[in-house]
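Heads up: the structure comes next, in C-alpha cells.
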Amino acid sequence: MNTKKLQGFVTENAIYIVLAVLLIGIAVYEPSFIGLNTLRDILIQSSTRVIIALGVAFILITGGTDLSAGRMVGLTAVVSASMLQEADYARRFFPNLPELPLFVPVLIAIAVGLVFGLINGVIVSKFKVPPFIATLGTMVAIYGINSLYFDTEPNQSQPIGGLRGDFTTLGSGALFKNWEFSIPYIVIIAIVVCAIVWVMFNKTRLGKNMYAIGGNQQAAKVSGINVSKNLILIYSIAGALYGLAGVLEAARTGGATNNYGNMYELDAIAACVVGGVSTTGGIGTVPGIMAGVLIFTVINYGLTFVGVGPYWQQIIKGAIIVAAVAFDMRKYASKK
Amino acid sequence: MSEFMLEMKGITKEFPGVKALDGVTLQVRPGTVHALMGENGAGKSTLMKCLFGIYKPDGGEIYLNGQKAEINNSSDALKLGVSMIHQELHPVPFRNVMENIWLGRFPMKGWGPLQFVDHKKMHKDTEELFKELDIDLDPDTIVGKLSVSKIQSIEIAKAVSFNSQIIVMDEPTSSLTSVEVEHLFRIINDLKKRGVSIIYISHKMEEILRISDDVTIMRDGKKIGTWPAAEMTTDLIISKMVGRDLTQRFPERHNVPNGVILKVDKLTSINPNSFKEVSFELRKGEILGVGGLVGAQRTELIEALFGLREIQSGTISINGKEVKIRSAGEAKKHGLALLTEERRTTGIFPVLSVHENAAIANLDRYVTPYGLLNDRKKKAEANQMVEKLRTKTPSPKTLIMNLSGGNQQKVLLARWLLTEPEILLLDEPTRGIDVGAKYEIYSIIADLAQQGKSIIMISSEMPELLGMSDRVMVMSEGRLTGIVDGDKATEEEIMRLAAQH
C-alpha cells in the first residue's frame, strides 16, 4: 500500500520532482550554483516566459492552440518601445512625441495585444476556423504588420533603442535594490500575474467555463454556456498577456526589433505541456505551468552554468518535452 | 467437436481497489445465442475484454473448442475466431465499405516485391460476403454516410469474414429502429445455422428472451448462474441481476397535472427533413412521453425547444407568454432544462470532477459582488444535490469519467435540478443504464412531477413510455401523429402511430 501511495504521489507531482532533481543535480555538480544571484537570474528569465505561457495556457485548456503568441510579443515590444524613447535620443521613432506618462504606452501595447487576441477569438469562434490554422494565419500577418510599422519613416527598420530610464527600470530595476535580498520588479509583476490568473482559473465563471469548453465543447453549449463569447474573451485575455510580456521584454532588454518574440509560442506551449496542460483541452493548473517554465529556464541557465553546450541543451529540452507528455499519457491511461 | 465452443474457467481480474471478476465461468454451446446479463459494473464488459485480449486475466483459463487458448491481444483473438462488435462502432468514416471490412488484410496482387492492393478482388469478396449474409450495401459507399445499423452490418460482415466462431455483440440494438432490429435478428439466426456462437450483451429483456438460447447472469463480478432462456422471465432475470425481488419496474406516481405551462404551436424546423407543424401542450406536473422510431425527429424537436436548433415558423409559449429561445442560455432563463441523449458527447465533462460537472450550468448563482465565485456555497449545493439523488461516487472530487453510466446520469440530473427548472426535457434518460439505476431515475422523475415540475420524456422503450407517462405523444417522420393517455395506451397503438408515415 505504501509503495502504491508513493507511486501515486510521484505520478501526481512528477513535474515538481523533476524540477527539484534538476536543481539538486546541478547544485551537487557545481556547488557555486547555489546562491541568491542564481535564483534571481532564473526568476528574471522566467518572468516574461511565464506570462506568455499563461496566455497560451488559457487557449490550450479550451482545446485550442495559439501560434501567434510570439509575434504578438514582438509587435507589442516594438509598439511600447517606439513610444518610450528618451527625448534627446537621436533616432526617435516619433521625433516629436511628448514624454508620455509610463502607463499610457504600456496600456496601449497591452490593448494592441488584446485586439489581436480578440481577432483570433472571433476567427476561431465565429468563423469556425480551427485554432491551429487561425493563429497560423495571424502569426504570419502580425509579423507583417509589425514589420510595416517598424519600417515607417524615420525609423526604417532600425532597432529601437534609447529607451527611457523609467521604462527600463520596469525590466531591470528591483525593490530593495541595494540590499542582498533585492526583488526585481519584473519578478514581482510575473508573480502578480500568476496570482491573478490563478484566481481567474479557479474562482471565476470564466475559468470554470474555460475548463468546461475544453473538456467537452458540445456539453458546454448544452449547459447554457455561451461558448463563442467565452472563447473571444479568453483569446483576448491571452492577447493582453502577450502584450504585457512584449512590454516587459522591451523593458528588460532595453530595445526592440520586429524579430522580437520569434518562436516564443513554441517555448510557451512546451512549458505548458511539460507543466501538465493537456493539448486536448480541459486540464491545466497555474502552479504546473509555473513549474514547466522554471524547468526550461533551469535547463537553460543551469546547464550553461555547468558547461553543457547549447546543442546538447536542445537535445535535452526536446527529450524532456516528449518524456513529459508520454508520462502524462500514462497517468491518464492508468486511470481507465 | 467439444461440447462447448467457448469455456472460460475461473476467470479472475483485479483492478486497484476492485475485484472486477471473481472466478467467473462461462460456457457457450456451439450455434447458440448466449445472453450475458448483469447491471452495469457487474463485470460483463471486463469478462469480454479478457476474452478479446484487451485485459489479461489474473487467473483462470480460456478454452476454445476444447483447446486451451492464449489470447494476449485482439489480433490473437481474431486469429482464433473470436470477434467483438462494440456498442460504439469505430469505423474509418472517410473510407468506403470494403476498405473498412478488409482493413489490415487487403488482398494483394503484384510481382515479387511490387505489391498493390487488389481492389477488384476486394470488391468481389465483399459482394459475396454481403450476399451470404443478405446485406444490401454497395461496397464502394463511404462509411461516414451510412446509418448506425448499416455500419453495424459491416462490422458483422467483417466478423464473418474472419471466419469467427464466436461473435460478441455488446448492446447491438441500442441505436437501431425496430425494423433494423428485425434485420439484425435474421442475420443472427443465419449465423447460428452456420454454427457460430453469439455472446449477446443487452439490457433489453424482451430481446433477450426472444433471441437467446441460454442466459448467464452476473452480479458484482461473480457469476450467479446459467439458465436456458426458455425457463426465464423478465422478472426472474431482474431479480437475479439485482439480487432482490423487484416487484415493480416503475414507481408509483402521485403527480396531479393541472394548468398548461408550455404550449407549442405549429413548430416547424428550418431543416426541411426535420419536424413540421408540431403542436402540443404540456401541463404543470405532467410527464409527457414522446414515442417514435429513430428518425422521428423527437430529439430535434426538444433541442429546438431548448434553443439548440433553429425554427422556421411556429411559436412556443410558456405560462401563456410567447417566448423566443435562441440559445441554451435563454432556455435556462425560461426555466427549461435538457438532459441530452448522448451522455458522453453532449453531457459529461469527462476530465472534470463530479462536483464541477454538477455545478457548471448554475455558476451564475454563485457569483459574488466582486465577480468571483462563492466556492463553498457552490460545492455545498452541488454535493448536496448529487447526494440527494443517491449518486454513488467515491468522492465529489472523483472525475466523472470514472463513474458508471447510471451515476453519470444522476450527476447530469443534479446539474439541471440545481438550475431549478420548471420544465425538464429528458431525452432517453435511462439509455444504457442498468436496471437498478433505472428504477432510481424513474423515482426521481416521478418525484419531480409530484413537486409540480413538468417533464417531457423521449423514450424508445415501450414499457418505459407506458409505465411513466401521463400522456404519450407519438411522432413519425417529423410529424406528430397522435397523443394517447398513458394509462389506456397499448404498445400496438403506439407502434401504429409511430409507423404512420
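Ordering of the C-alpha cells sets the chain letters (A, B, ...); residue numbers start at 1 within each chain; ligands are numbered from 1 in the order shown.
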
Could you give me, as a PDB file with C-alpha atoms, in the first residue's frame, the residues within 8 Å of range 172-175 of chain B, counting only C-alpha atoms and dropping anything in the same chain fewer than 3 positions from it?
```pdb
ATOM      1  CA  ILE B  85     -18.891  -5.901 -32.139  1.00  0.00           C
ATOM      2  CA  HIS B  86     -18.655  -2.996 -29.782  1.00  0.00           C
ATOM      3  CA  GLN B  87     -21.538  -0.906 -28.588  1.00  0.00           C
ATOM      4  CA  VAL B 148     -25.587   3.138 -37.459  1.00  0.00           C
ATOM      5  CA  SER B 149     -27.404  -0.066 -38.377  1.00  0.00           C
ATOM      6  CA  GLN B 152     -23.182  -2.496 -37.659  1.00  0.00           C
ATOM      7  CA  MET B 169     -22.251  -8.303 -29.531  1.00  0.00           C
ATOM      8  CA  VAL B 181     -33.568  -4.934 -35.088  1.00  0.00           C
ATOM      9  CA  ILE B 201     -24.978  -8.399 -24.136  1.00  0.00           C
ATOM     10  CA  SER B 202     -28.100  -6.307 -23.703  1.00  0.00           C
ATOM     11  CA  VAL B 294     -35.410   6.533 -34.869  1.00  0.00           C
ATOM     12  CA  ARG B 431     -30.437   4.713 -22.086  1.00  0.00           C
ATOM     13  CA  GLY B 432     -27.550   2.377 -21.341  1.00  0.00           C
TER      14      GLY B 432
END
```

With only C-alpha atoms considered, list every residue of chain A at most 8 Å from chain B, as a ChimeraX atom specification.
/A:203-205,208-209,211-212,215-226,282-283,335-336

Quick one: residues within 9 Å of Lys19 in chain B, only C-alpha atoms counted, chain neighbours fewer than 4 positions away excluded, as an mmCIF file with C-alpha atoms, in the first residue's frame?
```
data_model
loop_
_atom_site.group_PDB
_atom_site.id
_atom_site.type_symbol
_atom_site.label_atom_id
_atom_site.label_comp_id
_atom_site.auth_asym_id
_atom_site.auth_seq_id
_atom_site.Cartn_x
_atom_site.Cartn_y
_atom_site.Cartn_z
ATOM 1 C CA THR B 12 -10.329 -13.526 -12.104
ATOM 2 C CA LYS B 13 -9.346 -9.946 -12.735
ATOM 3 C CA GLU B 14 -8.400 -7.353 -10.205
ATOM 4 C CA PHE B 15 -8.024 -3.627 -10.642
ATOM 5 C CA ASP B 220 -20.667 -7.823 -8.618
ATOM 6 C CA GLY B 221 -18.015 -9.649 -10.626
#
```

As a PyMOL selection string, please: all residues of range 151-184 of chain B that backbone DSSP puts in alpha helix (DSSP H).
chain B and resi 151-161+178-184

Writer output for current selection, C-alpha atoms, as a compact mmCIF listing (two decimals), in the first residue's frame:
```txt
# COMPACT_ATOMS: atom_id res chain seq x y z
CA ILE B 151 -22.28 0.24 -40.07
CA GLN B 152 -23.18 -2.50 -37.66
CA SER B 153 -23.92 -4.90 -40.51
CA ILE B 154 -20.49 -4.05 -41.89
CA GLU B 155 -18.97 -4.99 -38.55
CA ILE B 156 -20.88 -8.26 -38.55
CA ALA B 157 -19.76 -8.99 -42.10
CA LYS B 158 -16.22 -8.26 -41.00
CA ALA B 159 -16.55 -10.71 -38.13
CA VAL B 160 -17.84 -13.37 -40.52
CA SER B 161 -15.01 -12.65 -42.94
CA SER B 178 -37.38 -1.93 -34.68
CA VAL B 179 -37.17 -2.74 -38.40
CA GLU B 180 -33.41 -2.75 -38.17
CA VAL B 181 -33.57 -4.93 -35.09
CA GLU B 182 -35.56 -7.50 -37.06
CA HIS B 183 -32.90 -7.49 -39.74
CA LEU B 184 -30.19 -7.97 -37.15
```

From a backbone DSSP assignment, name each residue in range 124-339 of chain B labelled strand (DSSP E or B), as a ChimeraX atom specification.
/B:142,166-170,197-201,214-219,222-228,258-269,278-284,287-292,311-318,321-323,336-339

Report as an MDAnalysis selection string all protein, DNA and RNA residues lying within 8 Å of Gly162 in chain A, evaluated on only C-alpha atoms, omitting residues in the same chain fewer than 6 positions from it.
chainID A and resid 85:86 89 254:255

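Nearest residue to Glu39 in chain B among B:Ser147, B:Thr299, B:Thr177, B:Ser404 is B:Ser404, counting only C-alpha atoms.
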
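Distance annotation: of A:Pro159, A:Pro287, A:Pro95, A:Gly121, the residue with the minimal separation from Thr65 in chain A is A:Gly121; atom set is only C-alpha atoms.
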
Can you pull out every residue within 12 Å of range 180-193 of chain A, counting only C-alpha atoms, but drop anything in the same chain fewer than 4 positions away, and send it as JSON, numbers by chain?
{"A": [35, 36, 37, 39, 40, 41, 42, 43, 44, 45, 46, 47, 48, 49, 50, 51, 52, 53, 54, 55, 166, 167, 168, 169, 170, 171, 172, 173, 174, 175, 176, 197, 198, 199, 200, 237, 238, 240, 241, 242, 244, 245, 247, 248, 249, 250, 251, 252, 253, 286, 287, 290, 293]}
